[in-house]
>>> print(open('query-v5.cif').read())   # mmCIF, C-alpha atoms
data_final
#
loop_
_atom_site.group_PDB
_atom_site.id
_atom_site.type_symbol
_atom_site.label_atom_id
_atom_site.label_comp_id
_atom_site.auth_asym_id
_atom_site.auth_seq_id
_atom_site.Cartn_x
_atom_site.Cartn_y
_atom_site.Cartn_z
ATOM 1 C CA MET A 1375 -137.788 -59.144 -44.455
ATOM 2 C CA ILE A 1376 -137.341 -61.847 -47.126
ATOM 3 C CA LEU A 1377 -136.969 -64.508 -44.447
ATOM 4 C CA ARG A 1378 -140.184 -63.317 -42.785
ATOM 5 C CA LEU A 1379 -141.952 -63.369 -46.120
ATOM 6 C CA VAL A 1380 -140.764 -66.944 -46.670
ATOM 7 C CA VAL A 1381 -141.985 -67.939 -43.194
ATOM 8 C CA ALA A 1382 -145.384 -66.282 -43.796
ATOM 9 C CA LEU A 1383 -145.703 -68.052 -47.159
ATOM 10 C CA ALA A 1384 -144.664 -71.340 -45.518
ATOM 11 C CA VAL A 1385 -147.431 -70.936 -42.913
ATOM 12 C CA ALA A 1386 -149.950 -70.186 -45.688
ATOM 13 C CA ALA A 1387 -148.670 -73.179 -47.681
ATOM 14 C CA LEU A 1388 -148.920 -75.421 -44.622
ATOM 15 C CA SER A 1389 -152.537 -74.300 -44.194
ATOM 16 C CA ILE A 1390 -153.235 -75.265 -47.787
ATOM 17 C CA VAL A 1391 -151.430 -78.641 -47.496
ATOM 18 C CA LEU A 1392 -153.378 -79.481 -44.334
ATOM 19 C CA ALA A 1393 -156.547 -78.336 -46.086
ATOM 20 C CA VAL A 1394 -155.869 -80.627 -49.072
ATOM 21 C CA LEU A 1395 -155.130 -83.577 -46.766
ATOM 22 C CA TRP A 1396 -158.308 -82.851 -44.805
ATOM 23 C CA ARG A 1397 -160.413 -82.594 -47.971
ATOM 24 C CA ARG A 1398 -159.085 -85.918 -49.259
ATOM 25 C CA ARG A 1399 -160.066 -87.621 -46.048
ATOM 26 C CA GLU A 1400 -163.323 -85.770 -45.542
ATOM 27 C CA GLY A 1401 -166.353 -87.831 -46.498
ATOM 28 C CA ARG A 1402 -164.321 -90.757 -47.836
ATOM 29 C CA PHE A 1403 -165.798 -94.206 -47.346
ATOM 30 C CA ASP A 1404 -163.343 -96.674 -45.832
ATOM 31 C CA GLN A 1405 -163.871 -100.349 -45.186
ATOM 32 C CA ALA A 1406 -164.793 -100.977 -41.592
ATOM 33 C CA GLU A 1407 -165.679 -103.777 -39.251
ATOM 34 C CA GLY A 1408 -168.282 -104.366 -36.572
ATOM 35 C CA ARG A 1409 -171.936 -105.212 -36.392
ATOM 36 C CA PHE A 1410 -174.956 -103.210 -35.310
ATOM 37 C CA THR A 1411 -177.859 -104.691 -33.394
ATOM 38 C CA PRO A 1412 -181.489 -103.890 -34.196
ATOM 39 C CA GLY A 1413 -181.647 -102.323 -30.734
ATOM 40 C CA ASP A 1414 -178.850 -99.898 -31.628
ATOM 41 C CA LEU A 1415 -180.776 -98.889 -34.707
ATOM 42 C CA GLY A 1416 -183.969 -98.347 -32.753
ATOM 43 C CA VAL A 1417 -185.891 -100.877 -34.780
ATOM 44 C CA VAL A 1418 -187.522 -104.037 -33.524
ATOM 45 C CA LYS A 1419 -187.012 -105.897 -36.741
ATOM 46 C CA ILE A 1420 -184.940 -105.345 -39.864
ATOM 47 C CA ASP A 1421 -187.084 -106.285 -42.820
ATOM 48 C CA ARG A 1422 -184.172 -107.759 -44.651
ATOM 49 C CA PRO A 1423 -183.415 -104.921 -46.997
ATOM 50 C CA SER A 1424 -180.401 -105.269 -49.236
ATOM 51 C CA ALA A 1425 -178.563 -102.544 -47.386
ATOM 52 C CA VAL A 1426 -178.865 -100.347 -44.345
ATOM 53 C CA LEU A 1427 -177.464 -96.832 -44.353
ATOM 54 C CA VAL A 1428 -176.926 -95.537 -40.830
ATOM 55 C CA GLU A 1429 -176.440 -91.819 -40.381
ATOM 56 C CA PHE A 1430 -175.279 -90.289 -37.111
ATOM 57 C CA TYR A 1431 -176.268 -86.640 -37.048
ATOM 58 C CA GLY A 1432 -176.235 -83.781 -34.557
ATOM 59 C CA GLN A 1433 -178.762 -81.108 -33.743
ATOM 60 C CA ASP A 1434 -178.058 -77.897 -35.668
ATOM 61 C CA CYS A 1435 -175.126 -79.480 -37.476
ATOM 62 C CA ALA A 1436 -174.954 -77.695 -40.829
ATOM 63 C CA PRO A 1437 -173.031 -80.458 -42.703
ATOM 64 C CA CYS A 1438 -175.608 -82.991 -41.457
ATOM 65 C CA VAL A 1439 -178.331 -81.111 -43.330
ATOM 66 C CA THR A 1440 -176.293 -81.392 -46.528
ATOM 67 C CA VAL A 1441 -175.785 -85.118 -45.976
ATOM 68 C CA GLN A 1442 -179.488 -85.638 -45.229
ATOM 69 C CA LYS A 1443 -180.449 -83.936 -48.486
ATOM 70 C CA ARG A 1444 -178.056 -86.178 -50.401
ATOM 71 C CA ILE A 1445 -179.296 -89.295 -48.661
ATOM 72 C CA GLY A 1446 -182.885 -88.273 -49.344
ATOM 73 C CA LYS A 1447 -182.126 -87.923 -53.033
ATOM 74 C CA ILE A 1448 -180.244 -91.205 -53.245
ATOM 75 C CA ALA A 1449 -182.966 -93.015 -51.307
ATOM 76 C CA THR A 1450 -185.395 -92.203 -54.103
ATOM 77 C CA GLU A 1451 -182.955 -93.619 -56.661
ATOM 78 C CA ILE A 1452 -181.958 -96.765 -54.810
ATOM 79 C CA PRO A 1453 -184.824 -98.839 -53.573
ATOM 80 C CA ASP A 1454 -184.476 -101.582 -51.021
ATOM 81 C CA VAL A 1455 -182.276 -99.574 -48.740
ATOM 82 C CA GLN A 1456 -183.222 -98.905 -45.153
ATOM 83 C CA ILE A 1457 -182.034 -95.582 -43.817
ATOM 84 C CA VAL A 1458 -181.605 -95.120 -40.090
ATOM 85 C CA SER A 1459 -180.827 -91.674 -38.697
ATOM 86 C CA ILE A 1460 -179.476 -91.524 -35.157
ATOM 87 C CA ASP A 1461 -179.100 -88.349 -33.122
ATOM 88 C CA ALA A 1462 -175.557 -88.823 -31.792
ATOM 89 C CA GLY A 1463 -176.111 -86.340 -28.959
ATOM 90 C CA ALA A 1464 -179.227 -88.104 -27.703
ATOM 91 C CA HIS A 1465 -177.751 -91.606 -28.164
ATOM 92 C CA MET A 1466 -174.208 -91.082 -27.027
ATOM 93 C CA ASP A 1467 -173.914 -94.668 -25.822
ATOM 94 C CA VAL A 1468 -174.593 -95.951 -29.337
ATOM 95 C CA ALA A 1469 -172.280 -93.332 -30.852
ATOM 96 C CA ASP A 1470 -169.521 -94.344 -28.442
ATOM 97 C CA ARG A 1471 -169.983 -98.030 -29.177
ATOM 98 C CA TYR A 1472 -169.280 -97.418 -32.856
ATOM 99 C CA GLU A 1473 -166.564 -94.836 -32.163
ATOM 100 C CA VAL A 1474 -168.435 -91.990 -33.777
ATOM 101 C CA ARG A 1475 -166.167 -89.046 -33.021
ATOM 102 C CA ARG A 1476 -167.909 -86.436 -35.124
ATOM 103 C CA VAL A 1477 -171.086 -85.833 -37.043
ATOM 104 C CA PRO A 1478 -172.126 -86.577 -39.665
ATOM 105 C CA THR A 1479 -170.834 -90.150 -39.751
ATOM 106 C CA LEU A 1480 -172.296 -92.734 -42.105
ATOM 107 C CA PHE A 1481 -172.205 -96.516 -42.028
ATOM 108 C CA VAL A 1482 -173.244 -98.856 -44.803
ATOM 109 C CA LEU A 1483 -174.369 -102.230 -43.446
ATOM 110 C CA ASP A 1484 -175.163 -105.486 -45.153
ATOM 111 C CA PRO A 1485 -178.517 -107.213 -44.500
ATOM 112 C CA ASN A 1486 -177.039 -108.894 -41.421
ATOM 113 C CA LEU A 1487 -176.133 -105.463 -40.038
ATOM 114 C CA ARG A 1488 -172.429 -106.081 -40.526
ATOM 115 C CA VAL A 1489 -170.515 -102.857 -41.174
ATOM 116 C CA ILE A 1490 -169.125 -102.667 -44.699
ATOM 117 C CA TRP A 1491 -168.226 -99.003 -45.152
ATOM 118 C CA ARG A 1492 -167.844 -96.006 -42.910
ATOM 119 C CA ALA A 1493 -167.366 -92.302 -43.652
ATOM 120 C CA SER A 1494 -167.076 -89.186 -41.528
ATOM 121 C CA GLY A 1495 -167.864 -85.737 -42.837
ATOM 122 C CA VAL A 1496 -169.792 -84.924 -45.981
ATOM 123 C CA PRO A 1497 -169.469 -87.595 -48.680
ATOM 124 C CA SER A 1498 -170.402 -86.686 -52.223
ATOM 125 C CA GLU A 1499 -173.555 -88.148 -53.722
ATOM 126 C CA ASP A 1500 -171.409 -90.384 -55.900
ATOM 127 C CA ALA A 1501 -169.462 -91.634 -52.886
ATOM 128 C CA ILE A 1502 -172.695 -92.638 -51.111
ATOM 129 C CA ARG A 1503 -174.035 -94.206 -54.292
ATOM 130 C CA ASN A 1504 -170.795 -96.155 -54.812
ATOM 131 C CA ALA A 1505 -170.782 -97.335 -51.212
ATOM 132 C CA LEU A 1506 -174.309 -98.698 -51.688
ATOM 133 C CA LEU A 1507 -173.927 -100.019 -55.218
ATOM 134 C CA GLY A 1508 -170.180 -100.370 -55.688
ATOM 135 C CA PRO A 1509 -168.672 -103.433 -57.331
ATOM 136 C CA ASN A 1510 -166.702 -104.460 -54.263
ATOM 137 C CA TRP A 1511 -169.724 -105.511 -52.330
ATOM 138 C CA ALA A 1512 -171.714 -108.521 -53.511
ATOM 139 C CA GLY A 1513 -174.589 -107.776 -51.143
ATOM 140 C CA ARG A 1514 -175.395 -104.443 -52.759
ATOM 141 C CA PRO A 1515 -179.027 -103.396 -53.052
ATOM 142 C CA ALA A 1516 -181.059 -104.921 -55.830
ATOM 143 C CA PRO A 1517 -182.560 -102.047 -57.809
ATOM 144 C CA LYS A 1518 -185.686 -104.030 -58.690
ATOM 145 C CA ALA A 1519 -186.797 -104.670 -55.151
ATOM 146 C CA ALA A 1520 -188.877 -101.599 -54.604
ATOM 147 C CA ARG A 1521 -188.650 -101.318 -50.870
ATOM 148 C CA GLN A 1522 -187.564 -98.275 -48.942
ATOM 149 C CA GLN A 1523 -187.852 -97.389 -45.330
ATOM 150 C CA ARG A 1524 -186.693 -94.528 -43.242
ATOM 151 C CA VAL A 1525 -186.365 -94.799 -39.503
ATOM 152 C CA ARG A 1526 -185.391 -91.902 -37.284
ATOM 153 C CA HIS A 1527 -184.570 -92.032 -33.629
ATOM 154 C CA MET B 355 -183.770 -77.992 -33.405
ATOM 155 C CA SER B 356 -182.317 -76.757 -30.164
ATOM 156 C CA ASP B 357 -182.938 -73.283 -28.777
ATOM 157 C CA LYS B 358 -179.241 -72.421 -28.715
ATOM 158 C CA ARG B 359 -178.115 -69.280 -30.498
ATOM 159 C CA MET B 360 -177.017 -69.862 -34.067
ATOM 160 C CA VAL B 361 -174.178 -68.337 -36.055
ATOM 161 C CA ASP B 362 -173.246 -68.358 -39.715
ATOM 162 C CA LYS B 363 -170.467 -70.867 -40.313
ATOM 163 C CA ASN B 364 -169.397 -69.066 -43.473
ATOM 164 C CA GLY B 365 -169.165 -65.823 -41.504
ATOM 165 C CA MET B 366 -166.876 -67.573 -39.070
ATOM 166 C CA ARG B 367 -164.732 -68.860 -41.929
ATOM 167 C CA GLY B 368 -164.596 -65.415 -43.509
ATOM 168 C CA GLY B 369 -163.561 -63.831 -40.204
ATOM 169 C CA ALA B 370 -160.918 -66.511 -39.714
ATOM 170 C CA GLY B 371 -159.514 -65.826 -43.191
ATOM 171 C CA ILE B 372 -159.313 -62.097 -42.440
ATOM 172 C CA SER B 373 -157.504 -62.650 -39.141
ATOM 173 C CA ALA B 374 -155.053 -65.107 -40.772
ATOM 174 C CA ILE B 375 -154.183 -62.578 -43.479
ATOM 175 C CA VAL B 376 -153.837 -59.732 -40.962
ATOM 176 C CA LEU B 377 -151.520 -61.807 -38.750
ATOM 177 C CA LEU B 378 -149.361 -62.946 -41.685
ATOM 178 C CA VAL B 379 -149.052 -59.423 -43.101
ATOM 179 C CA GLY B 380 -148.316 -58.134 -39.588
ATOM 180 C CA PHE B 381 -145.584 -60.745 -39.225
ATOM 181 C CA VAL B 382 -143.972 -59.837 -42.548
ATOM 182 C CA PHE B 383 -143.866 -56.125 -41.652
ATOM 183 C CA GLN B 384 -143.263 -56.777 -37.947
ATOM 184 C CA TRP B 385 -146.381 -54.873 -36.897
ATOM 185 C CA ARG B 386 -146.621 -56.312 -33.433
ATOM 186 C CA ALA B 387 -149.790 -54.330 -32.730
ATOM 187 C CA VAL B 388 -151.820 -56.670 -34.960
ATOM 188 C CA VAL B 389 -151.422 -59.545 -32.485
ATOM 189 C CA PRO B 390 -153.135 -57.803 -29.537
ATOM 190 C CA ALA B 391 -155.644 -56.311 -32.014
ATOM 191 C CA ILE B 392 -156.633 -59.807 -33.174
ATOM 192 C CA ALA B 393 -156.609 -60.987 -29.557
ATOM 193 C CA VAL B 394 -159.096 -58.216 -28.656
ATOM 194 C CA ALA B 395 -161.288 -59.050 -31.678
ATOM 195 C CA LEU B 396 -161.360 -62.709 -30.630
ATOM 196 C CA ALA B 397 -162.038 -61.708 -27.018
ATOM 197 C CA ILE B 398 -165.078 -59.644 -28.084
ATOM 198 C CA GLY B 399 -166.486 -62.634 -29.991
ATOM 199 C CA SER B 400 -165.752 -64.885 -27.061
ATOM 200 C CA LEU B 401 -167.250 -62.645 -24.363
ATOM 201 C CA PHE B 402 -170.243 -61.078 -26.119
ATOM 202 C CA GLY B 403 -171.028 -63.603 -28.838
ATOM 203 C CA LEU B 404 -169.911 -64.053 -32.408
ATOM 204 C CA ARG B 405 -172.491 -61.617 -33.757
ATOM 205 C CA TYR B 406 -170.467 -58.807 -32.119
ATOM 206 C CA SER B 407 -167.109 -60.044 -33.380
ATOM 207 C CA PRO B 408 -165.267 -57.347 -35.367
ATOM 208 C CA LEU B 409 -163.907 -60.093 -37.630
ATOM 209 C CA GLY B 410 -167.402 -61.314 -38.464
ATOM 210 C CA ALA B 411 -168.538 -57.713 -38.995
ATOM 211 C CA THR B 412 -165.640 -57.147 -41.413
ATOM 212 C CA TYR B 413 -166.645 -60.279 -43.301
ATOM 213 C CA ARG B 414 -170.239 -59.031 -43.558
ATOM 214 C CA ILE B 415 -169.061 -55.640 -44.834
ATOM 215 C CA ILE B 416 -166.854 -57.284 -47.475
ATOM 216 C CA LYS B 417 -169.658 -59.653 -48.446
ATOM 217 C CA LYS B 418 -172.058 -56.747 -48.880
ATOM 218 C CA ALA B 419 -169.575 -54.459 -50.638
ATOM 219 C CA PHE B 420 -168.578 -57.090 -53.205
ATOM 220 C CA ARG B 421 -172.084 -58.604 -53.331
ATOM 221 C CA LEU B 422 -170.662 -62.045 -52.656
ATOM 222 C CA ASN B 423 -173.222 -64.762 -53.042
ATOM 223 C CA VAL B 424 -172.120 -66.825 -50.048
ATOM 224 C CA PRO B 425 -175.009 -68.697 -48.416
ATOM 225 C CA VAL B 426 -175.644 -68.525 -44.680
ATOM 226 C CA GLU B 427 -174.917 -71.874 -43.006
ATOM 227 C CA PRO B 428 -176.359 -71.800 -39.503
ATOM 228 C CA GLU B 429 -174.727 -73.778 -36.731
ATOM 229 C CA GLU B 430 -174.705 -73.714 -32.953
ATOM 230 C CA GLU B 431 -172.710 -70.925 -31.392
ATOM 231 C CA PRO B 432 -171.013 -72.597 -28.377
ATOM 232 C CA PRO B 433 -168.294 -74.570 -30.251
ATOM 233 C CA PRO B 434 -167.056 -71.636 -32.392
ATOM 234 C CA ARG B 435 -167.314 -69.339 -29.382
ATOM 235 C CA PHE B 436 -165.081 -71.710 -27.447
ATOM 236 C CA ALA B 437 -162.695 -71.747 -30.414
ATOM 237 C CA GLN B 438 -162.586 -67.930 -30.295
ATOM 238 C CA THR B 439 -161.746 -68.157 -26.606
ATOM 239 C CA LEU B 440 -158.837 -70.481 -27.375
ATOM 240 C CA GLY B 441 -157.676 -68.135 -30.145
ATOM 241 C CA PHE B 442 -157.900 -65.213 -27.741
ATOM 242 C CA VAL B 443 -155.850 -67.047 -25.070
ATOM 243 C CA VAL B 444 -153.092 -68.039 -27.512
ATOM 244 C CA SER B 445 -152.884 -64.650 -29.242
ATOM 245 C CA GLY B 446 -153.190 -62.918 -25.848
ATOM 246 C CA ILE B 447 -150.200 -64.865 -24.499
ATOM 247 C CA GLY B 448 -148.381 -64.056 -27.740
ATOM 248 C CA SER B 449 -149.076 -60.355 -27.187
ATOM 249 C CA LEU B 450 -147.788 -60.528 -23.606
ATOM 250 C CA LEU B 451 -144.576 -62.190 -24.771
ATOM 251 C CA PHE B 452 -143.726 -59.075 -26.795
ATOM 252 C CA ILE B 453 -143.548 -56.984 -23.619
ATOM 253 C CA PRO B 454 -140.295 -58.496 -22.243
ATOM 254 C CA GLY B 455 -138.980 -58.603 -25.821
ATOM 255 C CA TRP B 456 -139.563 -62.295 -26.533
ATOM 256 C CA ASN B 457 -140.562 -61.514 -30.072
ATOM 257 C CA ALA B 458 -139.801 -64.911 -31.576
ATOM 258 C CA ALA B 459 -142.039 -66.647 -29.031
ATOM 259 C CA GLY B 460 -144.773 -64.033 -29.513
ATOM 260 C CA TRP B 461 -144.730 -64.411 -33.294
ATOM 261 C CA THR B 462 -144.652 -68.217 -33.031
ATOM 262 C CA LEU B 463 -147.959 -68.175 -31.154
ATOM 263 C CA ALA B 464 -149.366 -65.575 -33.548
ATOM 264 C CA LEU B 465 -148.394 -67.748 -36.526
ATOM 265 C CA LEU B 466 -149.987 -70.772 -34.857
ATOM 266 C CA VAL B 467 -153.234 -68.816 -34.611
ATOM 267 C CA ALA B 468 -152.822 -67.732 -38.251
ATOM 268 C CA LEU B 469 -152.289 -71.361 -39.305
ATOM 269 C CA LEU B 470 -155.408 -72.623 -37.525
ATOM 270 C CA GLN B 471 -157.480 -69.676 -38.718
ATOM 271 C CA GLY B 472 -156.225 -70.282 -42.263
ATOM 272 C CA LEU B 473 -157.212 -73.940 -41.998
ATOM 273 C CA LEU B 474 -160.671 -72.954 -40.788
ATOM 274 C CA ALA B 475 -161.059 -70.461 -43.617
ATOM 275 C CA VAL B 476 -160.024 -72.928 -46.333
ATOM 276 C CA THR B 477 -161.668 -76.143 -45.111
ATOM 277 C CA GLY B 478 -164.189 -75.212 -42.463
ATOM 278 C CA LEU B 479 -162.256 -77.407 -40.028
ATOM 279 C CA CYS B 480 -162.467 -75.652 -36.674
ATOM 280 C CA VAL B 481 -159.936 -77.279 -34.354
ATOM 281 C CA GLY B 482 -161.240 -75.373 -31.313
ATOM 282 C CA CYS B 483 -164.790 -76.570 -32.087
ATOM 283 C CA GLU B 484 -163.565 -80.181 -32.257
ATOM 284 C CA ILE B 485 -161.846 -79.755 -28.870
ATOM 285 C CA TYR B 486 -165.095 -78.339 -27.460
ATOM 286 C CA LEU B 487 -167.121 -81.290 -28.754
ATOM 287 C CA TYR B 488 -164.629 -83.792 -27.317
ATOM 288 C CA ALA B 489 -164.761 -81.988 -23.976
ATOM 289 C CA GLN B 490 -168.572 -82.055 -24.028
ATOM 290 C CA ARG B 491 -168.620 -85.766 -24.748
ATOM 291 C CA PHE B 492 -166.109 -86.385 -21.970
ATOM 292 C CA LYS B 493 -168.232 -84.309 -19.572
ATOM 293 C CA THR B 494 -171.417 -86.161 -20.496
ATOM 294 C CA ARG B 495 -169.709 -89.539 -20.123
ATOM 295 C CA GLU B 496 -168.322 -88.567 -16.724
ATOM 296 C CA ALA B 497 -171.762 -87.367 -15.611
ATOM 297 C CA GLU B 498 -173.325 -90.648 -16.769
ATOM 298 C CA ALA B 499 -170.652 -92.652 -14.946
ATOM 299 C CA HIS B 500 -171.456 -91.018 -11.583
#
>>> encode(input="query-v5.cif", output="structure tokens")
Amino acid sequence: MILRLVVALAVAALSIVLAVLWRRREGRFDQAEGRFTPGDLGVVKIDRPSAVLVEFYGQDCAPCVTVQKRIGKIATEIPDVQIVSIDAGAHMDVADRYEVRRVPTLFVLDPNLRVIWRASGVPSEDAIRNALLGPNWAGRPAPKAARQQRVRH
Amino acid sequence: MSDKRMVDKNGMRGGAGISAIVLLVGFVFQWRAVVPAIAVALAIGSLFGLRYSPLGATYRIIKKAFRLNVPVEPEEEPPPRFAQTLGFVVSGIGSLLFIPGWNAAGWTLALLVALLQGLLAVTGLCVGCEIYLYAQRFKTREAEAH
């Protein structure tokens, strides 16, 4: 009986450990490499914003709605950022090219569309803000340049 | 939005938490009957849809009884339904293993289900749903290739 109780508690503890590990990874921005093309983003021309935030979303994906609300809020705070939302299901070729394995996945690009940061899951508002404005990236958006675009495809 | 049937993700998590607790308590007291009972509950959700799942119904009763203010988070039904099917298969095999007396093997599978259900309840990470999405992507890619 005691041994079984220990095993049951171990299984519960393992669930919690895996949950903690998952939470730490979930929505965390990591440095990444690669470069998008304007064609991938569904835009003919990038108007040289200071940053591009690319969001891969899925239809009826509940976490994507949360991320979109956060992005919408941050977009009003941080001008000069171009936001591109891509339906991963409808553009699977693009999603595959950038190894998007789940939605939502976010990419922060510099003005030359080079990938700087990448996150899967639901990043906090602060995490998105830091990825766009953080000290590690010299090409971060200039708050004075009041330019904001949103493209959806 | 697509026209696929939607389910409440939090309901799914609540149901998963209930099944994890039931399986762990059943293991501690060696109530083997809980494994086929959970298998049947998962089978109902898998065959008839998650809205008919006894686990989801239990969650809704608890939510109402304790007036829990948990929001409804709609998401597409197919991935969690597939996950329920996987849960049913694993717990069903576990139940069958009790018949010839292979209790350790039966409980191992039951505890695996409890672990994954516990993970779903705590984090919202649905391993079966992820497998479904990978399979869908693979299918689409194969279809595009031919």
>>> resolve_selection(input="query-v5.cif", expression="the PyMOL selection byres ((chain B and resi 362) around 7)", output="PyMOL selection string")
chain B and resi 360-361+363-366+426-429
>>> write_last_selection(input="query-v5.cif", atoms="C-alpha atoms", output="PDB file, in the frame of the given file")
ATOM      1  CA  MET B 360    -177.017 -69.862 -34.067  1.00  0.00           C
ATOM      2  CA  VAL B 361    -174.178 -68.337 -36.055  1.00  0.00           C
ATOM      3  CA  LYS B 363    -170.467 -70.867 -40.313  1.00  0.00           C
ATOM      4  CA  ASN B 364    -169.397 -69.066 -43.473  1.00  0.00           C
ATOM      5  CA  GLY B 365    -169.165 -65.823 -41.504  1.00  0.00           C
ATOM      6  CA  MET B 366    -166.876 -67.573 -39.070  1.00  0.00           C
ATOM      7  CA  VAL B 426    -175.644 -68.525 -44.680  1.00  0.00           C
ATOM      8  CA  GLU B 427    -174.917 -71.874 -43.006  1.00  0.00           C
ATOM      9  CA  PRO B 428    -176.359 -71.800 -39.503  1.00  0.00           C
ATOM     10  CA  GLU B 429    -174.727 -73.778 -36.731  1.00  0.00           C
TER      11      GLU B 429
END
>>> interface_residues(input="query-v5.cif", of="chain A", to="chain B", cutoff="6 Å", atoms="all atoms listed in the file", output="ChimeraX atom specification")
/A:1378-1379,1382,1389,1393,1433-1436
>>> resolve_selection(input="query-v5.cif", expression="the PyMOL selection byres ((chain A and resi 1406) around 9)", output="short mmCIF file (atom, residue, chain, number, x, y, z; two decimals) with C-alpha atoms, in the coordinates of the input")
data_model
loop_
_atom_site.label_atom_id
_atom_site.label_comp_id
_atom_site.auth_asym_id
_atom_site.auth_seq_id
_atom_site.Cartn_x
_atom_site.Cartn_y
_atom_site.Cartn_z
CA PHE A 1403 -165.80 -94.21 -47.35
CA ASP A 1404 -163.34 -96.67 -45.83
CA GLN A 1405 -163.87 -100.35 -45.19
CA GLU A 1407 -165.68 -103.78 -39.25
CA GLY A 1408 -168.28 -104.37 -36.57
CA PHE A 1481 -172.20 -96.52 -42.03
CA VAL A 1489 -170.52 -102.86 -41.17
CA ILE A 1490 -169.12 -102.67 -44.70
CA TRP A 1491 -168.23 -99.00 -45.15
CA ARG A 1492 -167.84 -96.01 -42.91
#
>>> atom_distance(input="query-v5.cif", atom1="CA of Trp461 (chain B)", atom2="CA of Thr412 (chain B)")
23.6 Å
>>> closest_residue(input="query-v5.cif", among="A:Ile1448, A:Ala1501, A:Ala1462, A:Val1482", to="Ser1424 (chain A)", atoms="all atoms listed in the file")
A:Val1482
>>> closest_residue(input="query-v5.cif", among="A:Leu1415, A:Arg1402, A:Ala1449, A:Leu1388", to="Asp1467 (chain A)", atoms="all atoms listed in the file")
A:Leu1415
>>> resolve_selection(input="query-v5.cif", expression="the PyMOL selection byres ((chain A and resi 1466) around 12)", output="list in words")
Asp1414, Phe1430, Tyr1431, Gly1432, Ile1460, Asp1461, Ala1462, Gly1463, Ala1464, His1465, Asp1467, Val1468, Ala1469, Asp1470, Arg1471, Tyr1472, Glu1473, Val1474, Arg1475, Arg1476 and Val1477 of chain A; Gln490, Arg491, Phe492, Lys493, Thr494, Arg495 and Glu498 of chain B
>>> closest_residue(input="query-v5.cif", among="A:Ile1376, A:Leu1506, A:Val1441, A:Ala1386", to="Thr1479 (chain A)", atoms="all atoms listed in the file")
A:Val1441
>>> atom_distance(input="query-v5.cif", atom1="CA of Pro1478 (chain A)", atom2="CA of Leu404 (chain B)")
23.8 Å
>>> atom_distance(input="query-v5.cif", atom1="CA of Val394 (chain B)", atom2="CA of Cys483 (chain B)")
19.5 Å
>>> closest_residue(input="query-v5.cif", among="B:Ile415, B:Ala464, B:Val424, B:Cys480", to="Gly446 (chain B)", atoms="only C-alpha atoms")
B:Ala464
>>> closest_residue(input="query-v5.cif", among="B:Ala497, B:Leu463, B:Ala411, B:Ala370", to="Val443 (chain B)", atoms="all atoms listed in the file")
B:Leu463
>>> closest_residue(input="query-v5.cif", among="A:Val1381, A:Arg1503, A:Arg1488, A:Glu1400", to="Pro1437 (chain A)", atoms="all atoms listed in the file")
A:Glu1400
>>> residues_around(input="query-v5.cif", residues="Leu1480 (chain A)", least_positions_apart="2", cutoff="6 Å", atoms="all atoms listed in the file", output="ChimeraX atom specification")
/A:1428-1429,1492-1493
>>> residues_around(input="query-v5.cif", residues="Ala393 (chain B)", least_positions_apart="5", cutoff="9 Å", atoms="only C-alpha atoms", output="PyMOL selection string")
chain B and resi 388+398+441-446+448-449
